[in-house]
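One file, work.txt, is given below (compact mmCIF, C-alpha atoms).
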```txt
# COMPACT_ATOMS: atom_id res chain seq x y z
CA MET X 1 -100.81 -29.74 -131.37
CA ALA X 2 -99.08 -29.52 -127.99
CA SER X 3 -101.60 -27.04 -126.61
CA ARG X 4 -104.67 -29.08 -127.47
CA PRO X 5 -104.98 -30.79 -124.06
CA TRP X 6 -105.12 -27.40 -122.33
CA LYS X 7 -107.59 -26.09 -124.91
CA SER X 8 -109.70 -29.15 -124.23
CA VAL X 9 -109.64 -28.42 -120.51
CA ARG X 10 -110.48 -24.79 -121.26
CA ALA X 11 -113.42 -25.79 -123.47
CA ARG X 12 -114.73 -28.38 -120.99
CA THR X 13 -114.48 -25.94 -118.10
CA THR X 14 -116.25 -23.20 -120.06
CA LEU X 15 -118.99 -25.58 -121.20
CA GLY X 16 -119.47 -26.98 -117.71
CA ALA X 17 -119.65 -23.53 -116.09
CA THR X 18 -122.06 -22.28 -118.78
CA LEU X 19 -124.35 -25.28 -118.32
CA VAL X 20 -124.40 -24.84 -114.55
CA VAL X 21 -125.18 -21.13 -114.86
CA ALA X 22 -127.81 -21.86 -117.54
CA VAL X 23 -129.61 -24.33 -115.29
CA ALA X 24 -129.44 -21.89 -112.37
CA LEU X 25 -130.72 -19.01 -114.50
CA LEU X 26 -133.57 -21.07 -115.96
CA ILE X 27 -134.67 -22.21 -112.52
CA GLY X 28 -134.43 -18.63 -111.25
CA ALA X 29 -136.29 -17.21 -114.27
CA PHE X 30 -139.15 -19.70 -114.04
CA SER X 31 -139.37 -19.19 -110.29
CA PHE X 32 -139.38 -15.41 -110.67
CA TYR X 33 -142.00 -15.50 -113.43
CA GLY X 34 -144.22 -17.88 -111.46
CA ILE X 35 -144.03 -15.79 -108.29
CA LEU X 36 -144.64 -12.54 -110.21
CA SER X 37 -147.60 -14.07 -112.09
CA SER X 38 -149.17 -15.37 -108.88
CA SER X 39 -148.65 -12.03 -107.18
CA ILE X 40 -150.23 -10.03 -110.04
CA HIS X 41 -153.22 -12.36 -110.34
CA ALA X 42 -153.73 -12.37 -106.59
CA SER X 43 -153.62 -8.56 -106.55
CA ALA X 44 -156.16 -8.40 -109.40
CA GLU X 45 -158.48 -10.81 -107.59
CA ARG X 46 -158.28 -8.80 -104.38
CA ALA X 47 -159.04 -5.58 -106.24
CA ALA X 48 -162.00 -7.22 -108.05
CA GLU X 49 -163.44 -8.69 -104.85
CA GLN X 50 -163.02 -5.36 -103.07
CA ARG X 51 -164.87 -3.57 -105.88
CA LEU X 52 -167.58 -6.27 -105.77
CA GLU X 53 -168.08 -5.61 -102.05
CA GLU X 54 -168.40 -1.87 -102.73
CA LEU X 55 -171.06 -2.53 -105.38
CA THR X 56 -172.92 -4.87 -103.05
CA GLU X 57 -173.03 -2.17 -100.37
CA ARG X 58 -174.21 0.31 -103.00
CA LEU X 59 -177.13 -1.95 -103.90
CA ASP X 60 -178.17 -1.98 -100.25
CA GLY X 61 -178.32 1.82 -100.21
CA PRO X 62 -180.93 4.21 -101.63
CA GLY X 63 -181.71 3.69 -105.31
CA GLY X 64 -181.04 -0.05 -105.31
CA SER X 65 -180.31 -1.58 -108.68
CA ARG X 66 -180.77 1.77 -110.34
CA GLY X 67 -177.23 2.66 -109.33
CA ILE X 68 -175.96 -0.25 -111.41
CA ASP X 69 -177.53 1.13 -114.59
CA THR X 70 -175.58 4.37 -114.31
CA LEU X 71 -172.15 2.77 -113.89
CA ASP X 72 -169.64 3.61 -116.63
CA ASP X 73 -166.46 1.79 -117.73
CA GLU X 74 -167.41 -1.33 -115.78
CA LEU X 75 -169.06 -4.60 -116.75
CA VAL X 76 -171.64 -5.28 -114.03
CA GLN X 77 -174.75 -7.44 -114.19
CA ILE X 78 -177.46 -8.50 -111.76
CA ILE X 79 -178.58 -11.95 -112.78
CA GLY X 80 -181.67 -13.65 -111.44
CA SER X 81 -181.92 -17.24 -110.34
CA ASP X 82 -183.52 -18.09 -113.68
CA GLY X 83 -180.47 -16.74 -115.54
CA SER X 84 -182.13 -13.59 -116.78
CA ILE X 85 -180.38 -10.22 -116.59
CA ARG X 86 -182.25 -8.05 -114.09
CA SER X 87 -179.95 -5.04 -114.42
CA ALA X 88 -176.66 -4.13 -116.12
CA SER X 89 -174.19 -1.30 -116.42
CA GLU X 90 -173.97 0.75 -119.61
CA ASP X 91 -170.78 -1.00 -120.85
CA ALA X 92 -172.30 -4.39 -120.04
CA ARG X 93 -175.36 -3.57 -122.15
CA ASP X 94 -173.20 -2.32 -125.01
CA ASP X 95 -170.59 -5.11 -124.97
CA LEU X 96 -172.63 -8.11 -123.84
CA GLY X 97 -176.19 -7.29 -124.85
CA SER X 98 -178.40 -10.08 -123.59
CA SER X 99 -175.47 -12.41 -122.82
CA ALA X 100 -175.03 -13.04 -119.14
CA LEU X 101 -171.65 -13.18 -117.41
CA PRO X 102 -170.79 -16.57 -115.91
CA ILE X 103 -171.59 -17.02 -112.24
CA THR X 104 -168.69 -18.61 -110.35
CA ASP X 105 -167.84 -19.18 -106.73
CA ASP X 106 -164.14 -18.41 -107.32
CA PRO X 107 -162.61 -15.73 -109.54
CA ARG X 108 -162.52 -16.88 -113.15
CA THR X 109 -160.78 -15.57 -116.25
CA VAL X 110 -162.83 -15.35 -119.46
CA ARG X 111 -162.33 -13.57 -122.79
CA ILE X 112 -164.86 -10.95 -123.84
CA ASP X 113 -164.41 -9.46 -127.28
CA GLY X 114 -160.98 -11.12 -127.34
CA LYS X 115 -159.87 -9.40 -124.15
CA PRO X 116 -159.08 -11.25 -120.89
CA MET X 117 -161.48 -10.41 -118.05
CA LEU X 118 -161.54 -11.52 -114.43
CA VAL X 119 -165.10 -12.42 -113.35
CA VAL X 120 -166.21 -12.42 -109.71
CA SER X 121 -169.75 -12.81 -108.34
CA ASP X 122 -171.64 -12.51 -105.06
CA ASP X 123 -175.23 -13.35 -104.02
CA ILE X 124 -177.13 -10.21 -103.02
CA ASP X 125 -180.36 -12.02 -102.04
CA ASP X 126 -181.98 -15.40 -102.52
CA ASP X 127 -182.73 -14.98 -106.24
CA GLN X 128 -180.18 -12.42 -107.49
CA THR X 129 -176.42 -12.49 -108.05
CA LEU X 130 -174.15 -9.53 -108.66
CA VAL X 131 -171.48 -10.30 -111.30
CA LEU X 132 -168.47 -8.07 -112.02
CA ALA X 133 -165.96 -8.43 -114.86
CA VAL X 134 -162.62 -6.62 -114.45
CA PRO X 135 -160.16 -6.29 -117.37
CA ILE X 136 -156.75 -7.81 -116.73
CA GLU X 137 -155.22 -7.03 -120.10
CA ASP X 138 -152.59 -4.77 -118.53
CA ASP X 139 -151.55 -7.55 -116.16
CA ASP X 140 -151.07 -9.95 -119.06
CA GLU X 141 -149.08 -7.35 -120.96
CA THR X 142 -146.86 -6.85 -117.90
CA LEU X 143 -146.21 -10.60 -117.67
CA SER X 144 -145.56 -10.80 -121.41
CA THR X 145 -143.04 -7.96 -121.15
CA VAL X 146 -141.28 -9.68 -118.26
CA ALA X 147 -141.18 -12.98 -120.20
CA LEU X 148 -139.72 -11.21 -123.23
CA LEU X 149 -137.06 -9.48 -121.13
CA LEU X 150 -136.11 -12.79 -119.51
CA ALA X 151 -135.96 -14.50 -122.91
CA ILE X 152 -133.54 -11.81 -124.13
CA ALA X 153 -131.51 -11.43 -120.93
CA LEU X 154 -130.86 -15.13 -120.28
CA PRO X 155 -128.98 -15.85 -123.54
CA LEU X 156 -127.02 -12.61 -123.16
CA LEU X 157 -126.03 -13.58 -119.61
CA LEU X 158 -125.02 -17.05 -120.79
CA VAL X 159 -122.87 -15.58 -123.54
CA LEU X 160 -121.27 -13.22 -121.00
CA VAL X 161 -120.61 -16.10 -118.59
CA ALA X 162 -119.14 -18.26 -121.38
CA VAL X 163 -116.84 -15.49 -122.62
CA THR X 164 -115.76 -14.56 -119.08
CA THR X 165 -115.11 -18.20 -118.14
CA TRP X 166 -113.16 -18.76 -121.37
CA LEU X 167 -110.95 -15.75 -120.72
CA VAL X 168 -110.45 -16.47 -117.00
CA VAL X 169 -109.67 -20.16 -117.51
CA GLY X 170 -107.34 -19.32 -120.38
CA ARG X 171 -105.51 -16.82 -118.21
CA ALA X 172 -105.32 -19.32 -115.35
CA LEU X 173 -104.00 -22.10 -117.61
CA LYS X 174 -101.45 -19.91 -119.35
CA PRO X 175 -98.80 -20.37 -116.60
CA VAL X 176 -99.53 -24.10 -116.59
CA THR X 177 -98.97 -24.21 -120.33
CA ARG X 178 -95.69 -22.35 -119.89
CA ILE X 179 -94.58 -24.80 -117.17
CA ARG X 180 -95.55 -27.74 -119.37
CA GLU X 181 -93.57 -26.36 -122.30
CA GLU X 182 -90.53 -25.74 -120.10
CA VAL X 183 -90.67 -29.25 -118.62
CA ASP X 184 -91.24 -30.73 -122.07
CA GLY X 185 -87.97 -29.15 -123.18
CA ILE X 186 -85.95 -30.69 -120.32
CA THR X 187 -84.15 -33.82 -121.52
CA ALA X 188 -81.68 -36.18 -119.86
CA GLU X 189 -78.85 -33.87 -121.01
CA ARG X 190 -80.60 -30.77 -119.59
CA LEU X 191 -81.68 -31.97 -116.16
CA HIS X 192 -79.92 -28.95 -114.65
CA ASN X 193 -82.62 -26.66 -116.10
CA ARG X 194 -85.42 -25.56 -113.78
CA VAL X 195 -88.94 -24.17 -114.18
CA GLU X 196 -89.42 -20.47 -113.49
CA VAL X 197 -91.53 -20.05 -110.33
CA PRO X 198 -94.09 -17.23 -110.71
CA PRO X 199 -94.27 -14.68 -107.86
CA SER X 200 -98.00 -15.31 -107.35
CA SER X 201 -97.61 -17.61 -104.29
CA ASP X 202 -100.62 -19.62 -105.44
CA GLU X 203 -101.26 -23.17 -106.67
CA ILE X 204 -99.39 -22.45 -109.92
CA ALA X 205 -96.32 -21.39 -107.97
CA ALA X 206 -96.66 -24.51 -105.81
CA LEU X 207 -96.84 -26.62 -108.99
CA ALA X 208 -93.68 -25.02 -110.36
CA THR X 209 -91.90 -25.55 -107.03
CA THR X 210 -92.98 -29.19 -106.97
CA MET X 211 -91.74 -29.67 -110.53
CA ASN X 212 -88.38 -28.17 -109.57
CA ARG X 213 -88.09 -30.49 -106.57
CA MET X 214 -88.86 -33.44 -108.84
CA LEU X 215 -86.20 -32.25 -111.30
CA ASP X 216 -83.73 -31.93 -108.39
CA ARG X 217 -84.39 -35.56 -107.46
CA LEU X 218 -84.09 -36.72 -111.07
CA ASP X 219 -80.89 -34.72 -111.53
CA ALA X 220 -79.40 -36.16 -108.33
CA SER X 221 -80.49 -39.67 -109.34
CA ALA X 222 -79.02 -39.31 -112.84
CA THR X 223 -75.77 -37.92 -111.41
CA ALA X 224 -75.54 -40.79 -108.93
CA GLN X 225 -76.30 -43.29 -111.68
CA ARG X 226 -73.60 -41.88 -113.94
CA ARG X 227 -71.12 -41.91 -111.05
CA PHE X 228 -72.17 -45.45 -110.18
CA VAL X 229 -71.70 -46.67 -113.76
CA SER X 230 -68.33 -44.94 -113.96
CA ASP X 231 -67.16 -46.43 -110.65
CA ALA X 232 -68.50 -49.87 -111.53
CA SER X 233 -66.73 -49.75 -114.89
CA HIS X 234 -63.51 -48.78 -113.17
CA GLU X 235 -63.80 -51.55 -110.58
CA LEU X 236 -64.60 -54.16 -113.24
CA ARG X 237 -61.84 -52.91 -115.55
CA SER X 238 -59.14 -53.38 -112.92
CA PRO X 239 -59.33 -57.20 -112.50
CA LEU X 240 -59.95 -57.65 -116.21
CA ALA X 241 -56.84 -55.62 -116.99
CA THR X 242 -54.82 -57.70 -114.52
CA ILE X 243 -55.96 -60.96 -116.10
CA ARG X 244 -55.22 -59.64 -119.60
CA GLN X 245 -51.76 -58.38 -118.62
CA HIS X 246 -50.75 -61.72 -117.13
CA ALA X 247 -52.19 -63.60 -120.10
CA GLU X 248 -50.30 -61.39 -122.58
CA LEU X 249 -47.14 -61.78 -120.49
CA ALA X 250 -47.56 -65.55 -120.56
CA GLN X 251 -48.01 -65.48 -124.33
CA THR X 252 -45.04 -63.20 -124.90
CA HIS X 253 -42.69 -64.83 -122.38
CA PRO X 254 -43.96 -68.35 -121.75
CA ALA X 255 -40.68 -69.38 -120.21
CA THR X 256 -40.85 -66.82 -117.41
CA THR X 257 -44.54 -67.30 -116.49
CA SER X 258 -45.72 -70.58 -115.03
CA ILE X 259 -49.18 -72.02 -115.58
CA ASP X 260 -49.74 -72.18 -111.82
CA GLU X 261 -48.94 -68.48 -111.40
CA LEU X 262 -51.29 -67.53 -114.24
CA ALA X 263 -54.00 -69.78 -112.83
CA ASP X 264 -53.67 -68.16 -109.38
CA VAL X 265 -53.98 -64.67 -110.87
CA VAL X 266 -56.99 -65.63 -113.00
CA SER X 267 -58.64 -67.37 -110.03
CA ASP X 268 -58.09 -64.44 -107.65
CA GLU X 269 -59.21 -61.80 -110.11
CA GLY X 270 -62.14 -63.96 -111.22
CA LEU X 271 -63.29 -64.24 -107.61
CA ARG X 272 -62.96 -60.50 -107.30
CA LEU X 273 -65.03 -59.99 -110.44
CA GLN X 274 -67.62 -62.42 -109.15
CA GLY X 275 -67.81 -60.59 -105.82
CA ILE X 276 -68.32 -57.21 -107.52
CA VAL X 277 -71.02 -58.55 -109.86
CA GLU X 278 -72.84 -60.32 -107.03
CA SER X 279 -72.72 -57.15 -104.93
CA LEU X 280 -74.09 -55.08 -107.80
CA LEU X 281 -76.91 -57.56 -108.38
CA LEU X 282 -77.74 -57.52 -104.66
CA LEU X 283 -77.83 -53.72 -104.61
CA ALA X 284 -80.08 -53.73 -107.68
CA ARG X 285 -82.51 -56.13 -105.97
CA LEU X 286 -82.50 -53.99 -102.82
CA ASP X 287 -83.19 -50.86 -104.87
CA GLU X 288 -86.17 -52.60 -106.47
CA GLY X 289 -87.45 -53.78 -103.07
CA GLY X 290 -87.61 -57.40 -104.21
CA GLY X 291 -85.76 -60.64 -103.79
CA THR X 292 -86.31 -60.96 -100.01
CA HIS X 293 -87.86 -63.78 -98.05
CA ASP X 294 -88.91 -62.68 -94.58
CA GLU X 295 -89.09 -65.11 -91.69
CA SER X 296 -88.42 -65.13 -87.97
CA ILE X 297 -84.66 -65.04 -87.30
CA ASP X 298 -82.57 -65.38 -84.14
CA LEU X 299 -80.22 -62.47 -84.68
CA ASP X 300 -77.98 -63.57 -81.82
CA ASP X 301 -77.24 -66.85 -83.65
CA LEU X 302 -76.08 -64.94 -86.73
CA ALA X 303 -73.88 -62.69 -84.58
CA LEU X 304 -72.32 -65.64 -82.72
CA GLY X 305 -71.59 -67.28 -86.08
CA GLU X 306 -69.61 -64.20 -87.14
CA VAL X 307 -67.72 -64.22 -83.82
CA ARG X 308 -66.63 -67.83 -84.39
CA ARG X 309 -65.67 -67.13 -88.01
CA LEU X 310 -63.45 -64.16 -87.09
CA ARG X 311 -61.79 -66.10 -84.28
CA THR X 312 -60.78 -68.82 -86.72
CA ARG X 313 -58.94 -66.09 -88.62
CA GLY X 314 -57.02 -65.11 -85.51
CA VAL X 315 -59.00 -61.96 -84.71
CA ASP X 316 -59.58 -61.10 -81.04
CA VAL X 317 -63.41 -60.76 -80.92
CA ASP X 318 -65.47 -59.85 -77.86
CA GLY X 319 -68.95 -61.42 -78.12
CA SER X 320 -70.02 -60.99 -74.50
CA GLY X 321 -72.56 -58.32 -75.45
CA ILE X 322 -74.65 -60.65 -77.62
CA HIS X 323 -78.14 -61.22 -76.17
CA ALA X 324 -81.11 -63.17 -77.50
CA ALA X 325 -83.18 -61.21 -80.03
CA ARG X 326 -85.60 -62.26 -82.74
CA VAL X 327 -86.40 -60.19 -85.83
CA GLU X 328 -88.40 -60.59 -89.04
CA GLY X 329 -86.29 -60.55 -92.18
CA ASP X 330 -84.38 -62.42 -94.83
CA PRO X 331 -81.77 -64.64 -93.10
CA ARG X 332 -79.48 -64.53 -96.14
CA LEU X 333 -79.51 -60.71 -96.28
CA LEU X 334 -79.12 -60.19 -92.54
CA GLY X 335 -76.27 -62.69 -92.55
CA GLN X 336 -74.67 -60.66 -95.35
CA LEU X 337 -75.14 -57.47 -93.29
CA LEU X 338 -73.35 -58.95 -90.27
CA ARG X 339 -70.59 -60.48 -92.40
CA ASN X 340 -69.88 -57.18 -94.19
CA LEU X 341 -69.66 -55.30 -90.89
CA ALA X 342 -67.49 -58.01 -89.31
CA ASP X 343 -65.10 -58.13 -92.28
CA ASN X 344 -64.91 -54.33 -92.35
CA ALA X 345 -64.06 -54.23 -88.64
CA ALA X 346 -61.46 -57.00 -88.95
CA ARG X 347 -59.84 -55.30 -91.97
CA HIS X 348 -59.43 -51.94 -90.18
CA SER X 349 -58.81 -53.06 -86.60
CA ALA X 350 -55.47 -53.02 -84.82
CA GLY X 351 -56.29 -56.29 -83.11
CA ARG X 352 -59.62 -56.01 -81.26
CA VAL X 353 -63.23 -56.29 -82.47
CA ALA X 354 -66.47 -56.37 -80.45
CA ILE X 355 -69.89 -57.54 -81.63
CA SER X 356 -73.02 -57.02 -79.52
CA VAL X 357 -76.77 -57.59 -79.92
CA ILE X 358 -78.86 -55.63 -77.40
CA PRO X 359 -82.69 -55.59 -77.50
CA GLN X 360 -84.30 -52.43 -76.13
CA ASP X 361 -88.02 -51.63 -76.18
CA ALA X 362 -89.28 -52.47 -79.70
CA TRP X 363 -85.82 -52.40 -81.30
CA VAL X 364 -82.64 -54.44 -81.31
CA PHE X 365 -79.28 -52.72 -81.71
CA VAL X 366 -76.47 -54.62 -83.43
CA THR X 367 -73.10 -53.01 -82.75
CA VAL X 368 -69.79 -53.87 -84.45
CA GLU X 369 -66.74 -51.85 -83.32
CA ASP X 370 -62.98 -52.00 -83.75
CA ASP X 371 -59.86 -50.32 -82.42
CA GLY X 372 -58.65 -49.01 -85.76
CA ALA X 373 -58.22 -45.45 -86.99
CA GLY X 374 -61.98 -44.78 -87.06
CA VAL X 375 -64.01 -42.76 -89.52
CA PRO X 376 -63.68 -38.94 -89.67
CA VAL X 377 -66.84 -37.07 -88.74
CA ASP X 378 -67.16 -35.45 -92.15
CA GLU X 379 -66.93 -38.87 -93.87
CA ARG X 380 -69.55 -40.70 -91.78
CA GLU X 381 -72.37 -40.10 -94.26
CA ARG X 382 -70.34 -40.57 -97.42
CA ILE X 383 -68.91 -43.89 -96.30
CA PHE X 384 -72.22 -45.62 -97.08
CA GLU X 385 -72.18 -44.48 -100.71
CA ARG X 386 -71.31 -47.02 -103.38
CA PHE X 387 -67.66 -47.47 -104.39
CA VAL X 388 -66.54 -45.05 -101.66
CA ARG X 389 -63.28 -45.95 -99.89
CA LEU X 390 -61.49 -43.70 -97.48
CA ASP X 391 -57.91 -42.69 -98.22
CA GLU X 392 -56.57 -45.18 -95.71
CA ALA X 393 -58.21 -48.04 -97.58
CA ARG X 394 -57.75 -47.04 -101.20
CA SER X 395 -55.73 -50.10 -102.13
CA ARG X 396 -57.62 -52.92 -103.72
CA ASP X 397 -56.39 -55.53 -101.26
CA ALA X 398 -57.22 -53.54 -98.12
CA GLY X 399 -60.24 -51.61 -99.17
CA GLY X 400 -62.34 -54.13 -101.04
CA SER X 401 -64.68 -52.96 -103.79
CA GLY X 402 -66.29 -50.14 -101.80
CA LEU X 403 -69.72 -51.83 -101.91
CA GLY X 404 -69.81 -53.58 -98.54
CA LEU X 405 -71.16 -50.71 -96.45
CA ALA X 406 -73.55 -49.65 -99.22
CA ILE X 407 -74.97 -53.18 -99.06
CA VAL X 408 -75.22 -52.92 -95.26
CA GLN X 409 -77.26 -49.73 -95.55
CA GLY X 410 -79.46 -51.20 -98.30
CA ILE X 411 -80.22 -54.34 -96.25
CA ALA X 412 -80.91 -52.31 -93.10
CA THR X 413 -83.32 -50.03 -94.97
CA ALA X 414 -85.05 -52.98 -96.67
CA SER X 415 -85.51 -54.59 -93.23
CA GLY X 416 -87.14 -51.46 -91.80
CA GLY X 417 -84.09 -50.34 -89.85
CA THR X 418 -81.20 -47.88 -89.96
CA VAL X 419 -77.40 -47.93 -89.78
CA SER X 420 -75.02 -45.29 -88.43
CA VAL X 421 -71.34 -44.96 -87.55
CA ASP X 422 -69.55 -43.12 -84.75
CA ALA X 423 -66.46 -43.58 -82.57
CA SER X 424 -65.88 -46.82 -80.67
CA ARG X 425 -64.75 -47.07 -77.07
CA TRP X 426 -61.16 -47.65 -78.35
CA GLY X 427 -61.24 -44.70 -80.76
CA GLY X 428 -61.97 -46.78 -83.84
CA ALA X 429 -65.21 -47.10 -85.78
CA ARG X 430 -68.49 -48.31 -84.28
CA PHE X 431 -71.31 -49.30 -86.60
CA VAL X 432 -74.80 -49.49 -85.06
CA VAL X 433 -77.67 -51.19 -86.89
CA ALA X 434 -81.19 -50.69 -85.44
CA LEU X 435 -83.80 -53.26 -86.45
CA PRO X 436 -87.41 -53.69 -85.26
CA LEU X 437 -87.99 -56.68 -83.01
CA SER X 438 -90.50 -59.27 -84.14
CA ASP X 439 -93.87 -59.32 -82.33
```
Now, as a test, write the supplied structure out as structure tokens.
Amino acid sequence: MASRPWKSVRARTTLGATLVVAVALLIGAFSFYGILSSSIHASAERAAEQRLEELTERLDGPGGSRGIDTLDDELVQIIGSDGSIRSASEDARDDLGSSALPITDDPRTVRIDGKPMLVVSDDIDDDQTLVLAVPIEDDDETLSTVALLLAIALPLLLVLVAVTTWLVVGRALKPVTRIREEVDGITAERLHNRVEVPPSSDEIAALATTMNRMLDRLDASATAQRRFVSDASHELRSPLATIRQHAELAQTHPATTSIDELADVVSDEGLRLQGIVESLLLLARLDEGGGTHDESIDLDDLALGEVRRLRTRGVDVDGSGIHAARVEGDPRLLGQLLRNLADNAARHSAGRVAISVIPQDAWVFVTVEDDGAGVPVDERERIFERFVRLDEARSRDAGGSGLGLAIVQGIATASGGTVSVDASRWGGARFVVALPLSD
């Protein structure tokens, strides 16, 4: 049952090729037969007219019409203007008797005693016409033989074409069938399997290579998804476990645990749970490419808002590099991007943070840098992965959930921009977000 689609393609291809060849052969056969028939008839007419000219010249010579009477193996008559036969060859007298051959201006085919004859005529004087009948039976037999050969050869050629096409297409589709069967056997638990690439370096090999690249992407996506689910479960389990431990402690030792202390723990861990869930939902919407509302935004206003917010927390923030710039995007998402970068810088800084917005050509570059320990070169790509926290920030209080920078990258990508990290002027981390300016 699984091979039926390929057999259907094989049958359709064979049928289509056979039909095309059949039409071409029929057109060619009819054209060939028509040209051959015209050529043979034209040759017979020329030969008959040439013989008629010779007989006309013979009548002009000594002996006159007497020479016609002695002709053998030819049907020749001299017919008067009144339709009477003035003279005839021996065969004409024997075969036609008193019947006169038809007089025609152009060569004409008639049947005499059931045999096809080509009749030509020519006026030899005012009241006499020389008429000659030439047999063309051999010509008709030649054409009949050719027609018979074509009638036999065409079906044989079509059968040969059909068989050849069936075998060639089957051989061509065999690797495709093998690839299909191999891919059909790859399940979610066997995404590490790959299709064997044939050494032919043709379209089939390209198909197998493409299938392997697709399987690589699916395998990487499935691995990332499993890691993401595992990390998310771990992050969600931690605050839930804390709430449960304090609740069980309060139940077991109510005298040593106050209601206010339990309420503070539940409130803090609940906020943490809410933050993780909201971050996961935001990442899911960014992955789907939906949930955004683009409008014209003054990016400098968002950056200045973050400067004021950090200063109220006692952070030394340099905002002198913020210049006017307008972009198209979702104000809520871009505000989240700036807040995540600002909070990340404040959490890892030793005391100084700088935020700048610099338009250049068709882009605006948002830079957030700190004077902290920085990000190692080999970690600068991994830091944007979900639930990734560097060793320095592994603790829950200092490192957050590990989703902030992943959200920054998702928002930047959804807004048509990019984000990167390198070293700041103080040796800490500098995050640079490039966004297209609005027209």
Contacts of X:Leu36 at 12 Å (all atoms listed in the file; same-chain gap of 3+ positions) as a PDB file with C-alpha atoms, in the frame of the given file:
```pdb
ATOM      1  CA  GLY X  28    -134.430 -18.630-111.250  1.00  0.00           C
ATOM      2  CA  ALA X  29    -136.290 -17.210-114.270  1.00  0.00           C
ATOM      3  CA  PHE X  30    -139.150 -19.700-114.040  1.00  0.00           C
ATOM      4  CA  SER X  31    -139.370 -19.190-110.290  1.00  0.00           C
ATOM      5  CA  PHE X  32    -139.380 -15.410-110.670  1.00  0.00           C
ATOM      6  CA  TYR X  33    -142.000 -15.500-113.430  1.00  0.00           C
ATOM      7  CA  SER X  39    -148.650 -12.030-107.180  1.00  0.00           C
ATOM      8  CA  ILE X  40    -150.230 -10.030-110.040  1.00  0.00           C
ATOM      9  CA  HIS X  41    -153.220 -12.360-110.340  1.00  0.00           C
ATOM     10  CA  ALA X  42    -153.730 -12.370-106.590  1.00  0.00           C
ATOM     11  CA  SER X  43    -153.620  -8.560-106.550  1.00  0.00           C
ATOM     12  CA  ASP X 139    -151.550  -7.550-116.160  1.00  0.00           C
ATOM     13  CA  ASP X 140    -151.070  -9.950-119.060  1.00  0.00           C
ATOM     14  CA  THR X 142    -146.860  -6.850-117.900  1.00  0.00           C
ATOM     15  CA  LEU X 143    -146.210 -10.600-117.670  1.00  0.00           C
ATOM     16  CA  SER X 144    -145.560 -10.800-121.410  1.00  0.00           C
ATOM     17  CA  THR X 145    -143.040  -7.960-121.150  1.00  0.00           C
ATOM     18  CA  VAL X 146    -141.280  -9.680-118.260  1.00  0.00           C
ATOM     19  CA  ALA X 147    -141.180 -12.980-120.200  1.00  0.00           C
TER      20      ALA X 147
END
```
Problem set entry | Separation of atom CA of X:Leu59 from atom CA of X:Ala88, in Å and rounded to one decimal |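 That distance, rounded to one decimal, is 12.4 Å.
The list of residues with at least one atom within 10 Å of X:Ser415, based on all atoms listed in the file and without residues fewer than 2 positions apart in the same chain, reads X:Thr292, X:Asp294, X:Val327, X:Glu328, X:Gly329, X:Asp330, X:Leu333, X:Leu334, X:Gln409, X:Gly410, X:Ile411, X:Ala412, X:Thr413, X:Gly417, X:Thr418, X:Ala434, X:Leu435, X:Pro436.
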Please provide the set of residues having any atom within 12 Å of X:Arg111, restricted to all atoms listed in the file, with same-chain residues fewer than 5 positions apart removed, written as a CSV table (one decimal) with C-alpha atoms, keeping the file's coordinate frame.
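Ended up saving to result-v2.csv:
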```csv
chain,number,residue,atom,x,y,z
X,96,LEU,CA,-172.6,-8.1,-123.8
X,101,LEU,CA,-171.6,-13.2,-117.4
X,102,PRO,CA,-170.8,-16.6,-115.9
X,116,PRO,CA,-159.1,-11.2,-120.9
X,117,MET,CA,-161.5,-10.4,-118.0
X,118,LEU,CA,-161.5,-11.5,-114.4
X,119,VAL,CA,-165.1,-12.4,-113.4
X,133,ALA,CA,-166.0,-8.4,-114.9
X,134,VAL,CA,-162.6,-6.6,-114.4
X,135,PRO,CA,-160.2,-6.3,-117.4
X,136,ILE,CA,-156.8,-7.8,-116.7
X,137,GLU,CA,-155.2,-7.0,-120.1
```
Exercise. For X:Asp127, which of X:Pro376, X:Gly314, X:Gly83, X:Gly427 is the closest residue, counting all atoms listed in the file?
Worked result: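 Ranking X:Pro376, X:Gly314, X:Gly83, X:Gly427 by distance to X:Asp127, first place goes to X:Gly83.
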For this session: Would you list the contacts of X:Gly351 as number ranges by chain, taking every protein, DNA or RNA residue within 8 Å and counting all atoms listed in the file, but skipping same-chain residues closer than 2 positions in sequence?
Result: X: 315-316, 346, 349, 353, 370-371
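Excluding X:Glu369 and any residue on its chain fewer than 5 positions from it, the residues at most 8 Å away by only C-alpha atoms are Ala345, Val353, Ala354, Ile355, Ser424, Gly428, Ala429, Arg430 and Phe431 of chain X.
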C-alpha atoms of the current selection, written as a CSV table (one decimal), in the frame of the given file:
```
chain,number,residue,atom,x,y,z
X,345,ALA,CA,-64.1,-54.2,-88.6
X,353,VAL,CA,-63.2,-56.3,-82.5
X,354,ALA,CA,-66.5,-56.4,-80.4
X,355,ILE,CA,-69.9,-57.5,-81.6
X,424,SER,CA,-65.9,-46.8,-80.7
X,428,GLY,CA,-62.0,-46.8,-83.8
X,429,ALA,CA,-65.2,-47.1,-85.8
X,430,ARG,CA,-68.5,-48.3,-84.3
X,431,PHE,CA,-71.3,-49.3,-86.6
```
Return as AutoDock Vina command-line options the centre and edge lengths, in Å with one decimal, of the box along x, y and z that encloses every atom of stretch 125-142 of chain X in the file, padded by 4 Å per side.
```
--center_x -164.8 --center_y -10.1 --center_z -111.5 --size_x 43.9 --size_y 18.6 --size_z 26.9
```
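The smallest atom-to-atom distance between X:His246 and any of X:Ser438, X:Ser98, X:Ala263, X:Ser230, using all atoms listed in the file, is found for X:Ala263.
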